[in-house]
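Undergrad: Structure below; questions to follow.
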Amino acid sequence: MTKKANGEGSIFKDKQGRWRAVISIPTVDGKQKRKYLYGRTRKEASDKMTALLNQLHTNTYIEPCQINLYDWLCTWLELYCKNEVRSSTYVNYDTYVQRHIRDTIGGYKLCDLTNGIMQAFYNEKAKNGKLDGSGGLNPKTIKNMHDMIHRALDKAVHLDMIPKNPSDFVTLPKFRRSEMRFLTLEEQKQLQEAVKGDRLEMPVLLALYTGMRQGEIFGLKWAYVHLDSADRSWLRVVQAVNRLSDRTGEGSKKTYLALCDPKTSHSVRAIPLLPYIAGKLRVYKAEQEQYFRDKGLHRSEMVFTSKAGNLVDPADFRRDFKLLLKRSGLREINVHALRHTFATRALESGMNVKTLSKILGHSSVAFTLDTYAHVTEDLKFEEMAGMNGFL
């Protein structure tokens with residue numbers, strides 16, 4: 001046994017050949033008890049003991065069975081998660097904790113959680129998870145919630161708070177991809193005609209000819225738009241507008257618009273602009289500057305603003321877009337369908353899938369192929385038909 005000074009613990013190899021560190025820790029009644037930490041190597045056991053000693057010295061140690069899931073998730077979110085995820089992701093996680101976990105499985109102590117408890121929780125959310133009582137949560141929402149819980153419990157395992165992750169090996173509801181909606185070529189022409197002269201024209205055209213996400217369009221600054229006279233214009237996606245919950249007050253339901261990091265690291269990208277779109281942006285910029293002068297407003301750094309010069313609320317844009325479609329007698333689609341329309345036209349025009357994947361900000365070419373399989377399958381037949389000339 002390798003002993004250390006009083007209160008610093010000791011490390012030894014047990015009869016099973018495992019390295020074991022032992023340290024005395026205070027209990028809730030003011031007494032002391034031994035805490036054992038195990039490692040496959042002496043260094044692993046020593047590192048665990050050092051980490052625990054540091055927690056004891058800084059008064060941040062939490063006895064595993066004295067903390068419940070809700071309290072641990074709150075701690076995990078603040079200490080380990082907040083600086084690693086996007087603001088919008090953090091708000092979503094906090095919402096899961098406060099609205100779905102706190103009053104259900106949140107009261108279970110970590111050491112009492114089992115796979116069966118976790119499975120029953122997910123089953124119930126799939127059946128009656130909506131807060132308004134109208135049915136079950138979307139399978140994608142349940143998966144996102146599970147990913148959060150699993151990460152938090154993995155951290156608890158790593159910190160020797162629990163021996164294993166009770167959310168391992170659960171069965172989640174199957175996620176069925178919703179039907180891909182996009183405009184036909186004729187519908188796209190009708191939309192472009194209907195939107196001419198409307199204040200929605202420029203954001204709609206950007207969505208149709210760059211494939212940018214809605215939040216990315218309204219998070220675009222003029223500093224990231226490069227309008228070159230030599231037909232080499234391009235823009236760079238580096239941020240997005242999101243509506244976040246204001247958690248400053250207890251039970252606060254207020255929200256606010258904020259510029260956040262884009263969806264993933266792959267979402268930061270450069271997108272070339274067609275000469276026609278670049279020309280429209282030049283005209284739009286001049287008109288915007290004139291509008292601000294007429295209204296006595298400061299020139300905005302944002303490409304798109306509200307009438308008062310503030311950030312555009314994506315919800316307002318979705319509402320206005322829906323009204324435009326209705327006025328014009330066009331088939332109702334959501335705003336995201338404009339992004340799918342861009343991808344469909346790009347593939348139909350012969351764009352390389354790898355290039356398209358980069359422009360869309362996808363994590364991989366495989367994801368792009370899977371998402372737009374409906375287009376690539378049709379193109380297979382067309383390209384195979386070209387082989388007839390060799391027969």
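How things are named: the first chain in the structure tokens is A, the next is B, and so on; residues count from 1 in each chain; ligands count from 1 in the order shown.
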Could you build a table of the residues in range 141-208 of chain A lying no more than 10 Å from range 79-84 of chain A, giving for each the nearest pair of atoms and their separation in Å rounded to one decimal place, using only C-alpha atoms, ordered by chain and ascending residue number, as a tab-separated table?
TA:
residue	atom	partner	partner_atom	distance
A:Met148	CA	A:Cys81	CA	9.6
A:Arg151	CA	A:Cys81	CA	9.4
A:Ala152	CA	A:Cys81	CA	8.7
A:Lys155	CA	A:Tyr80	CA	8.7
Undergrad: Take the residues just selected and output them with N, CA and C atoms as a compact mmCIF listing (two decimals), in the first residue's frame.
TA:
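Wrote it out as selection12.txt, contents follow:
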# COMPACT_ATOMS: atom_id res chain seq x y z
N MET A 148 -29.70 14.20 -24.18
CA MET A 148 -29.29 15.07 -23.07
C MET A 148 -29.12 14.27 -21.79
N ARG A 151 -26.05 11.95 -21.87
CA ARG A 151 -24.79 12.69 -21.70
C ARG A 151 -24.56 13.05 -20.24
N ALA A 152 -25.62 13.52 -19.58
CA ALA A 152 -25.50 13.92 -18.18
C ALA A 152 -25.17 12.72 -17.29
N LYS A 155 -21.60 11.55 -17.65
CA LYS A 155 -20.70 12.38 -16.85
C LYS A 155 -20.74 11.92 -15.39
Undergrad: Using DSSP on the backbone, list every residue of range 112-336 of chain A that comes out as alpha helix (DSSP H), and give them as number ranges by chain.
TA: A: 115-128, 139-158, 185-194, 201-210, 214-218, 275-295, 314-328, 336
Undergrad: Within 12 Å of range 239-245 of chain A, which residues of range 13-114 of chain A come that close, and what is the closest atom pair and distance in Å for each? Count only C-alpha atoms and give it as a tab-separated table.
TA:
residue	atom	partner	partner_atom	distance
A:Arg86	CA	A:Asn242	CA	10.3
A:Ser87	CA	A:Leu244	CA	7.6
A:Ser88	CA	A:Leu244	CA	6.1
A:Thr89	CA	A:Leu244	CA	9.5
A:Tyr90	CA	A:Leu244	CA	9.4
A:Val91	CA	A:Ser245	CA	6.4
A:Asn92	CA	A:Leu244	CA	8.8
A:Tyr93	CA	A:Ser245	CA	11.3
A:Asp94	CA	A:Ser245	CA	9.5
A:Thr95	CA	A:Ser245	CA	8.8
Undergrad: What's the separation between CA of Arg269 in chain A and CA of Gly215 in chain A, in Å to one decimal place?
TA: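 Atom-to-atom, CA of Arg269 in chain A and CA of Gly215 in chain A are spaced 14.4 Å apart.
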Undergrad: Determine which residues of range 222-374 of chain A DSSP labels as strand (DSSP E) from the backbone of this structure, then write them out as a list in words.
TA: Val225, His226, Trp234, Leu235, Arg236, Val237, Ala240, Val241, Asn242, Arg243, Leu244, Ser245, Thr255, Tyr256, Leu257, Ala258, Leu259, Cys260, Arg269, Ala270, Ile271 and Pro272 of chain A
Undergrad: Neighbouring residues of Ile23 in chain A were defined as those with any atom within 7 Å, considering only C-alpha atoms; residues of the same chain fewer than 6 positions away were excluded. Please report them as a list in words.
TA: Glu8, Gly9, Ser10, Arg34, Lys35 and Tyr36 of chain A
